[in-house]
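S.K.: My structure is in final.csv, and what it holds is CSV, C-alpha atoms:
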```csv
chain,number,residue,atom,x,y,z
G,1,MET,CA,-0.2,18.7,37.5
G,2,LYS,CA,-1.9,18.3,34.1
G,3,VAL,CA,-0.4,20.3,31.3
G,4,ARG,CA,-1.7,20.5,27.7
G,5,VAL,CA,0.6,21.2,24.7
G,6,LEU,CA,-0.8,22.3,21.4
G,7,VAL,CA,1.7,21.7,18.6
G,8,ARG,CA,1.0,23.1,15.1
G,9,LEU,CA,2.8,23.7,11.9
G,10,LYS,CA,4.3,27.2,11.7
G,11,PRO,CA,2.3,29.8,9.7
G,12,GLY,CA,3.4,29.7,6.1
G,13,ILE,CA,4.4,26.0,6.1
G,14,LEU,CA,2.1,24.1,3.7
G,15,ASP,CA,-0.2,21.7,5.6
G,16,VAL,CA,-1.0,19.1,3.0
G,17,GLN,CA,-2.9,17.1,5.6
G,18,GLY,CA,-5.1,20.0,6.5
G,19,ALA,CA,-5.7,20.7,2.8
G,20,ALA,CA,-6.8,17.1,2.3
G,21,VAL,CA,-9.2,17.3,5.2
G,22,GLN,CA,-10.6,20.6,3.9
G,23,ARG,CA,-11.2,18.9,0.5
G,24,ALA,CA,-13.0,16.0,2.2
G,25,LEU,CA,-15.2,18.4,4.1
G,26,ALA,CA,-16.0,20.2,0.8
G,27,GLY,CA,-17.1,16.8,-0.5
G,28,LEU,CA,-19.5,16.5,2.4
G,29,GLY,CA,-21.1,19.8,1.6
G,30,PHE,CA,-18.9,22.0,3.8
G,31,GLY,CA,-17.7,24.2,0.9
G,32,ASP,CA,-17.8,27.2,3.3
G,33,VAL,CA,-14.5,26.1,5.0
G,34,ARG,CA,-12.0,28.8,4.2
G,35,GLY,CA,-9.0,27.3,5.9
G,36,LEU,CA,-8.1,24.2,7.9
G,37,ARG,CA,-4.8,23.2,9.6
G,38,VAL,CA,-4.2,20.0,11.6
G,39,GLY,CA,-2.2,20.1,14.8
G,40,LYS,CA,-1.5,17.9,17.7
G,41,LEU,CA,-2.7,17.9,21.3
G,42,ILE,CA,-0.4,16.3,23.9
G,43,GLU,CA,-1.5,15.9,27.5
G,44,VAL,CA,1.3,15.6,30.0
G,45,GLU,CA,0.9,14.9,33.7
G,46,VAL,CA,4.0,16.2,35.5
G,47,ALA,CA,5.0,16.2,39.2
G,48,ALA,CA,5.2,19.9,40.0
G,49,SER,CA,4.0,22.0,42.8
G,50,ASP,CA,2.8,25.0,40.8
G,51,PRO,CA,1.8,25.9,37.2
G,52,ALA,CA,5.0,27.9,36.6
G,53,GLN,CA,7.2,25.0,37.5
G,54,ALA,CA,5.1,22.6,35.4
G,55,ARG,CA,5.1,25.0,32.5
G,56,ALA,CA,8.9,25.3,32.6
G,57,ARG,CA,9.4,21.6,32.6
G,58,VAL,CA,7.0,21.0,29.7
G,59,ASP,CA,8.6,23.9,27.8
G,60,GLU,CA,11.9,22.1,28.0
G,61,MET,CA,10.2,18.8,26.9
G,62,CYS,CA,8.8,20.7,23.9
G,63,ARG,CA,12.2,22.1,22.9
G,64,ARG,CA,13.9,18.7,23.3
G,65,LEU,CA,11.3,16.3,21.9
G,66,LEU,CA,7.6,17.2,21.7
G,67,ALA,CA,7.9,19.8,19.0
G,68,ASN,CA,10.3,20.2,16.0
G,69,THR,CA,10.8,23.9,16.2
G,70,ILE,CA,12.1,23.9,12.6
G,71,LEU,CA,8.5,23.1,11.5
G,72,GLU,CA,6.3,23.6,14.5
G,73,ASP,CA,5.2,26.2,17.1
G,74,TYR,CA,3.7,25.1,20.4
G,75,THR,CA,1.6,26.5,23.2
G,76,ILE,CA,1.5,25.3,26.7
G,77,GLU,CA,-1.5,25.4,29.1
G,78,ALA,CA,-1.0,24.3,32.7
G,79,GLU,CA,-4.1,23.2,34.7
G,80,GLY,CA,-6.5,26.0,35.4
G,81,GLU,CA,-5.0,28.2,32.6
G,82,ARG,CA,-6.3,28.8,29.1
G,83,LEU,CA,-4.5,27.9,25.9
G,84,ALA,CA,-3.0,30.9,24.2
G,85,PRO,CA,-4.8,32.0,21.0
G,86,PRO,CA,-3.6,30.5,17.7
G,87,GLY,CA,-0.2,31.7,16.6
G,88,ALA,CA,0.8,33.0,20.0
G,89,VAL,CA,4.0,31.5,21.5
G,90,ARG,CA,4.3,31.9,25.2
L,91,MET,CA,36.2,-1.0,6.7
L,92,ARG,CA,34.0,-1.9,9.7
L,93,PHE,CA,30.3,-1.1,9.4
L,94,GLY,CA,27.6,-1.0,12.1
L,95,VAL,CA,24.0,-1.2,11.0
L,96,VAL,CA,21.7,0.3,13.7
L,97,VAL,CA,18.5,-1.6,14.5
L,98,PHE,CA,15.6,0.3,16.1
L,99,PRO,CA,12.3,-1.3,16.9
L,100,GLY,CA,10.5,-0.8,13.5
L,101,THR,CA,13.6,-0.6,11.3
L,102,TRP,CA,13.1,-2.5,8.0
L,103,SER,CA,16.2,-1.9,5.8
L,104,ASP,CA,18.7,-3.3,8.3
L,105,CYS,CA,19.0,-6.7,6.7
L,106,ASP,CA,19.3,-5.2,3.2
L,107,PHE,CA,22.2,-3.0,4.3
L,108,HIS,CA,23.8,-5.9,6.2
L,109,TYR,CA,23.5,-8.1,3.1
L,110,VAL,CA,25.0,-5.6,0.7
L,111,ILE,CA,27.9,-4.8,3.1
L,112,SER,CA,28.7,-8.5,3.9
L,113,GLU,CA,27.9,-10.2,0.6
L,114,VAL,CA,28.3,-7.5,-2.1
L,115,ILE,CA,31.2,-5.3,-1.0
L,116,ARG,CA,32.4,-8.0,1.5
L,117,GLN,CA,33.3,-5.9,4.4
L,118,PRO,CA,33.0,-6.7,8.1
L,119,VAL,CA,29.6,-5.6,9.5
L,120,LYS,CA,27.5,-6.1,12.6
L,121,TYR,CA,24.1,-5.0,13.9
L,122,VAL,CA,24.1,-2.3,16.6
L,123,TRP,CA,21.0,-2.3,18.9
L,124,HIS,CA,19.5,1.1,19.5
L,125,ARG,CA,20.3,1.0,23.2
L,126,ASP,CA,24.1,0.4,22.5
L,127,ARG,CA,26.4,3.4,23.0
L,128,ASP,CA,29.6,1.5,22.3
L,129,LEU,CA,30.7,2.3,18.7
L,130,THR,CA,34.5,2.0,19.3
L,131,ASP,CA,35.2,-0.8,16.8
L,132,LEU,CA,33.4,0.8,13.9
L,133,ASP,CA,34.4,3.1,11.0
L,134,CYS,CA,30.9,3.8,9.6
L,135,VAL,CA,27.6,3.7,11.3
L,136,VAL,CA,24.5,3.1,9.1
L,137,LEU,CA,21.0,4.3,10.1
L,138,PRO,CA,18.7,2.3,7.8
L,139,GLY,CA,15.2,3.0,6.7
L,140,GLY,CA,12.0,1.9,8.3
L,141,PHE,CA,9.6,3.2,10.9
L,142,SER,CA,11.7,3.5,14.1
L,143,TYR,CA,9.5,3.5,17.2
L,144,GLY,CA,6.5,3.4,14.8
L,145,ASP,CA,7.4,7.0,13.8
L,146,TYR,CA,5.3,8.0,16.8
L,147,LEU,CA,5.2,11.8,17.4
L,148,ARG,CA,7.1,12.5,14.2
L,149,ALA,CA,9.2,10.4,11.8
L,150,GLY,CA,12.5,9.8,13.5
L,151,ALA,CA,11.7,11.9,16.6
L,152,VAL,CA,12.0,9.2,19.3
L,153,ALA,CA,15.0,7.5,17.5
L,154,GLY,CA,16.7,10.8,17.3
L,155,ARG,CA,17.0,10.8,21.1
L,156,SER,CA,18.0,7.2,21.5
L,157,PRO,CA,21.3,6.0,23.2
L,158,VAL,CA,23.0,5.0,20.0
L,159,VAL,CA,22.2,8.4,18.3
L,160,GLU,CA,23.4,10.2,21.4
L,161,ALA,CA,26.7,8.4,21.0
L,162,LEU,CA,27.1,9.6,17.4
L,163,PRO,CA,28.7,13.1,18.1
L,164,GLU,CA,31.5,11.4,20.0
L,165,PHE,CA,31.9,8.7,17.3
L,166,LEU,CA,32.1,11.5,14.7
L,167,SER,CA,34.7,13.4,16.7
L,168,ARG,CA,36.9,10.3,16.7
L,169,GLY,CA,36.8,10.3,12.9
L,170,GLY,CA,33.8,8.0,12.2
L,171,LEU,CA,31.3,8.4,9.3
L,172,VAL,CA,27.5,8.2,9.5
L,173,LEU,CA,25.2,7.3,6.6
L,174,GLY,CA,21.4,7.7,7.1
L,175,SER,CA,19.0,6.6,4.5
L,176,CYS,CA,15.2,7.2,4.5
L,177,ASN,CA,14.2,7.0,8.1
L,178,GLY,CA,17.9,7.3,8.9
L,179,PHE,CA,17.9,10.7,7.2
L,180,GLN,CA,14.8,11.7,9.2
L,181,ILE,CA,16.5,10.6,12.4
L,182,LEU,CA,19.7,12.6,11.7
L,183,CYS,CA,17.6,15.7,11.1
L,184,GLU,CA,15.6,15.1,14.3
L,185,ALA,CA,18.8,14.6,16.2
L,186,GLY,CA,20.2,17.9,14.9
L,187,LEU,CA,23.2,16.2,13.2
L,188,LEU,CA,21.9,17.5,9.9
L,189,PRO,CA,20.1,20.8,9.3
L,190,GLY,CA,16.5,21.0,8.2
L,191,ALA,CA,13.6,18.6,8.6
L,192,LEU,CA,11.6,16.1,6.6
L,193,MET,CA,7.8,16.4,6.4
L,194,ARG,CA,4.8,14.7,4.8
L,195,ASN,CA,5.1,14.4,1.0
L,196,GLU,CA,3.4,17.3,-0.8
L,197,CYS,CA,1.4,14.8,-2.9
L,198,LEU,CA,0.1,13.1,0.3
L,199,GLN,CA,1.0,9.8,-1.3
L,200,TYR,CA,3.4,7.2,0.0
L,201,ARG,CA,5.9,7.1,-2.9
L,202,CYS,CA,7.6,3.8,-3.7
L,203,GLN,CA,9.3,4.3,-7.1
L,204,SER,CA,12.6,4.7,-8.9
L,205,THR,CA,14.1,8.2,-8.9
L,206,GLN,CA,17.0,9.8,-10.8
L,207,LEU,CA,19.4,11.7,-8.6
L,208,LEU,CA,21.7,14.5,-9.9
L,209,VAL,CA,25.1,14.3,-8.1
L,210,ASP,CA,25.9,17.8,-6.9
L,211,ASN,CA,28.9,17.2,-4.6
L,212,VAL,CA,31.6,14.7,-5.1
L,213,GLU,CA,33.9,16.1,-2.3
L,214,THR,CA,32.6,13.8,0.4
L,215,PRO,CA,33.7,10.3,1.5
L,216,PHE,CA,30.3,9.1,0.3
L,217,THR,CA,30.5,10.4,-3.2
L,218,ARG,CA,34.2,10.7,-4.2
L,219,ALA,CA,33.9,7.8,-6.7
L,220,LEU,CA,31.2,9.8,-8.6
L,221,GLN,CA,31.3,12.6,-11.1
L,222,ARG,CA,29.7,15.9,-10.6
L,223,GLY,CA,26.6,16.1,-12.8
L,224,GLN,CA,26.3,12.3,-13.0
L,225,VAL,CA,22.8,10.9,-12.7
L,226,LEU,CA,22.1,7.9,-10.5
L,227,THR,CA,19.0,5.7,-10.4
L,228,MET,CA,17.9,4.7,-6.9
L,229,PRO,CA,14.5,3.8,-5.4
L,230,ILE,CA,12.6,5.8,-2.8
L,231,SER,CA,10.0,4.4,-0.5
L,232,HIS,CA,8.5,7.0,1.9
L,233,GLY,CA,5.5,9.1,2.9
L,234,GLU,CA,7.5,11.8,4.7
L,235,GLY,CA,10.4,12.8,2.6
L,236,LYS,CA,9.8,16.4,1.7
L,237,TYR,CA,12.9,18.2,2.8
L,238,HIS,CA,12.3,21.5,4.4
L,239,ALA,CA,14.8,24.2,5.5
L,240,ASP,CA,14.3,27.9,6.1
L,241,PRO,CA,16.0,30.4,3.6
L,242,GLU,CA,18.9,31.0,6.0
L,243,THR,CA,19.6,27.3,6.3
L,244,LEU,CA,19.4,26.9,2.5
L,245,ARG,CA,21.9,29.7,2.0
L,246,SER,CA,24.3,28.0,4.4
L,247,LEU,CA,23.8,24.6,2.7
L,248,ARG,CA,24.8,26.2,-0.6
L,249,GLN,CA,27.6,28.2,0.9
L,250,HIS,CA,29.2,25.0,2.4
L,251,ASN,CA,28.4,22.8,-0.6
L,252,GLN,CA,26.3,20.5,1.5
L,253,VAL,CA,23.6,19.5,-1.0
L,254,VAL,CA,24.8,16.1,-2.4
L,255,PHE,CA,21.8,14.7,-4.4
L,256,ARG,CA,18.9,16.4,-6.1
L,257,TYR,CA,15.9,14.7,-7.7
L,258,ALA,CA,16.2,15.2,-11.5
L,259,THR,CA,15.2,13.9,-14.9
L,260,ALA,CA,17.3,11.1,-16.5
L,261,GLU,CA,19.1,13.9,-18.4
L,262,GLY,CA,20.0,15.6,-15.1
L,263,LYS,CA,17.5,18.4,-15.3
L,264,VAL,CA,16.2,19.5,-11.9
L,265,THR,CA,12.5,20.0,-12.6
L,266,ARG,CA,9.3,20.2,-10.6
L,267,ALA,CA,8.1,17.0,-12.4
L,268,ALA,CA,11.1,15.1,-11.3
L,269,ASN,CA,10.5,15.9,-7.6
L,270,PRO,CA,8.5,13.0,-6.1
L,271,ASN,CA,7.8,14.6,-2.7
L,272,GLY,CA,7.9,18.4,-2.9
L,273,SER,CA,11.4,18.8,-1.4
L,274,VAL,CA,12.7,22.3,-1.4
L,275,GLU,CA,15.1,22.8,-4.3
L,276,ASN,CA,14.6,19.1,-5.2
L,277,ILE,CA,16.9,18.1,-2.3
L,278,ALA,CA,17.3,14.4,-1.9
L,279,GLY,CA,20.4,14.2,0.2
L,280,ILE,CA,22.7,16.4,2.2
L,281,VAL,CA,25.9,16.2,4.3
L,282,ASN,CA,26.9,18.1,7.4
L,283,GLU,CA,29.5,20.9,7.1
L,284,GLU,CA,32.4,18.5,7.7
L,285,GLY,CA,31.1,16.1,5.1
L,286,THR,CA,31.1,13.2,7.6
L,287,VAL,CA,27.4,12.6,7.9
L,288,LEU,CA,25.3,11.9,4.8
L,289,GLY,CA,21.5,11.7,4.9
L,290,LEU,CA,19.4,10.8,1.9
L,291,MET,CA,15.9,9.7,1.3
L,292,PRO,CA,16.7,7.2,-1.5
L,293,HIS,CA,17.8,3.6,-0.8
L,294,PRO,CA,21.4,2.9,-2.0
L,295,GLU,CA,21.1,-0.6,-0.5
L,296,ARG,CA,18.2,-1.4,-2.8
L,297,ALA,CA,20.3,-0.6,-5.9
L,298,ALA,CA,23.3,-2.7,-5.3
L,299,GLU,CA,23.0,-5.8,-7.5
L,300,SER,CA,21.8,-6.1,-11.1
L,301,ALA,CA,19.1,-8.5,-9.9
L,302,MET,CA,17.7,-5.6,-8.0
L,303,GLY,CA,17.3,-3.6,-11.2
L,304,GLY,CA,20.4,-1.5,-10.8
L,305,THR,CA,23.7,-1.0,-9.1
L,306,ASP,CA,24.0,2.8,-8.8
L,307,GLY,CA,23.7,2.6,-5.0
L,308,LEU,CA,26.9,0.6,-4.9
L,309,GLN,CA,28.8,3.6,-5.9
L,310,ILE,CA,28.2,5.2,-2.5
L,311,PHE,CA,29.7,2.1,-0.8
L,312,HIS,CA,32.6,2.1,-3.3
L,313,SER,CA,33.2,5.8,-2.5
L,314,LEU,CA,33.4,4.9,1.2
L,315,LEU,CA,35.9,2.1,0.6
L,316,GLY,CA,38.0,4.4,-1.6
L,317,SER,CA,38.1,7.1,1.1
L,318,LEU,CA,39.6,4.9,3.8
L,319,VAL,CA,43.3,5.4,3.9
L,320,GLU,CA,46.0,3.2,5.5
L,321,ASP,CA,46.1,4.8,8.9
L,322,GLY,CA,42.4,4.1,9.4
L,323,THR,CA,41.3,7.7,8.8
L,324,PHE,CA,39.2,9.0,5.9
L,325,LEU,CA,39.8,11.3,3.1
L,326,LYS,CA,37.2,14.0,3.7
L,327,ARG,CA,37.6,15.7,0.4
```
Any chance you could give the structure as structure tokens?

M.R.:
Amino acid sequence: MKVRVLVRLKPGILDVQGAAVQRALAGLGFGDVRGLRVGKLIEVEVAASDPAQARARVDEMCRRLLANTILEDYTIEAEGERLAPPGAVR
Amino acid sequence: MRFGVVVFPGTWSDCDFHYVISEVIRQPVKYVWHRDRDLTDLDCVVLPGGFSYGDYLRAGAVAGRSPVVEALPEFLSRGGLVLGSCNGFQILCEAGLLPGALMRNECLQYRCQSTQLLVDNVETPFTRALQRGQVLTMPISHGEGKYHADPETLRSLRQHNQVVFRYATAEGKVTRAANPNGSVENIAGIVNEEGTVLGLMPHPERAAESAMGGTDGLQIFHSLLGSLVEDGTFLKR
């Protein structure tokens, strides 16, 4: 089963990378950008019979390695599901 | 005092630490491969700087789950000491052996420069040869050295006197301008609650001979030697 993990810096943590990308966009004429944060998309293929089982395994992977929960939040989307909206933790 | 210098794929300061330990302070030292779990014949394990596992995912993330790092809690419970510099500090935070995390420098630049460090805590095996308020000069070389901890963790660090080094001016003033990477409260190095694990972004091994431009880093090694007592245990305070 394919699972996608979206990892992003927690709200309130300064994203200097995002700020640099935003400045670069402004240099290209996209001065209308009001905010930009950079995250990570991780695609995992896991042997699991149903989305709930896959989600539980990947959640454990996130807690143990894929995300640093001091700095980052993550959302998990199993095949056929939709990613949770930004900021939501499922 | 028997040292082990851990080598991960991508470590770059291993030979520098090995050289300082064997040739400058003249102590027994061996390399420890990242897959080794056997640390029985060592007193102090060093996690050197570099880009372990290419810093893939996050700096120190993969190394923080490697066999040698998984063996560290047991090594510490037997009375061992752990020193992590630069990538070693990142690895110790990723492994949960030190609180907080290290993130991309606020200036977005890779900073390779000399820094002044205010000594905040001399009650550790790593700093007992130093004076509180003393200023040391040591180089940094990193792109992800901004120390981050939430307010609760910072309170706990202060309460347990765990902040060891802060970036400061040559006069020992902790200022924004003296902070090369945006670390919270100018934190450059911390210990765990027991004082047996030190993590710092600067490189003591690159300030250990006058030919390197300074010897302030040697004082950490001298502290370690001075903390070893006859029965093979360490003075923690």

S.K.: Which residue gives the smallest distance to chain G among L:Leu147, L:Leu182, L:Ala268, L:Leu137, with all atoms listed in the file counted?

M.R.: L:Leu147

S.K.: Would you list which chain L residues are within 10 Å of chain G using all atoms listed in the file, as a PyMOL selection string?

M.R.: chain L and resi 147-148+151-152+154-155+183-185+189-198+238-240

S.K.: Please report the interatomic distance between atom CA of Gln53 of chain G and atom CA of Asp73 of chain G in Å with one decimal.

M.R.: 20.5 Å

S.K.: Report, in Å with one decimal, the straight-line distance from atom CA of Ser317 of chain L to atom CA of Gly139 of chain L.

M.R.: 23.9 Å

S.K.: Can you tell me which residues surround Arg8 of chain G at a distance of at most 9 Å, considering all atoms listed in the file, apart from same-chain residues fewer than 2 positions away, and format the answer as a ChimeraX atom specification?

M.R.: /G:6,10-11,37-41,67,71-75,87

S.K.: If you count all atoms listed in the file, which residues fall within 10 Å of Glu164 of chain L, apart from same-chain ones fewer than 6 positions away, as a count of residues only?

M.R.: 4

S.K.: Could you check how far atom CA of Tyr200 of chain L sits from atom CA of Gly27 of chain G, in Å to one decimal?

M.R.: 22.6 Å

S.K.: In terms of the shortest atom-to-atom distance over only C-alpha atoms, which of G:Val33, G:Leu28, G:Leu9, G:Val3 is closest to Arg55 of chain G?

M.R.: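 With only C-alpha atoms as the atom set, the closest residue is G:Val3.
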
S.K.: Please define a box with edges along x, y and z of the file around all atoms of segment 38-48 of chain G given in the file, extend it by 8 Å on each side, and return its centre and edge lengths in Å to one decimal, as lines of an AutoDock Vina configuration file.

M.R.:
```
center_x = 0.5
center_y = 17.5
center_z = 25.8
size_x = 25.4
size_y = 21.2
size_z = 44.4
```

S.K.: Just the residues within 10 Å of Lys120 of chain L, please, counting only C-alpha atoms, with nothing from its chain fewer than 6 positions along; format it as a list in words.

M.R.: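 Counting only C-alpha atoms, the residues come to Arg92, Phe93, Gly94, Val95, Val96, His108, Ile111, Ser112, Leu132 and Val135 of chain L.
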
S.K.: Give me the residues near Thr227 of chain L as a PyMOL selection string, where near means some atom within 8 Å (using only C-alpha atoms) and where sequence neighbours in that chain fewer than 2 positions away do not count.

M.R.: chain L and resi 204-207+225+229+297+304+306-307

S.K.: L:Asn271, L:Gln199, L:Gly169, L:Glu213: which is nearest Gln252 of chain L, counting only C-alpha atoms?

M.R.: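 When distances to Gln252 of chain L are compared using only C-alpha atoms, the smallest one comes from L:Glu213.
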
S.K.: Choose the residue, out of L:Phe179, L:Phe98, L:Phe324, L:Tyr257, that has the smallest atom-to-atom separation from Tyr143 of chain L; count all atoms listed in the file.

M.R.: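 That would be L:Phe98, the residue with the smallest distance to Tyr143 of chain L.
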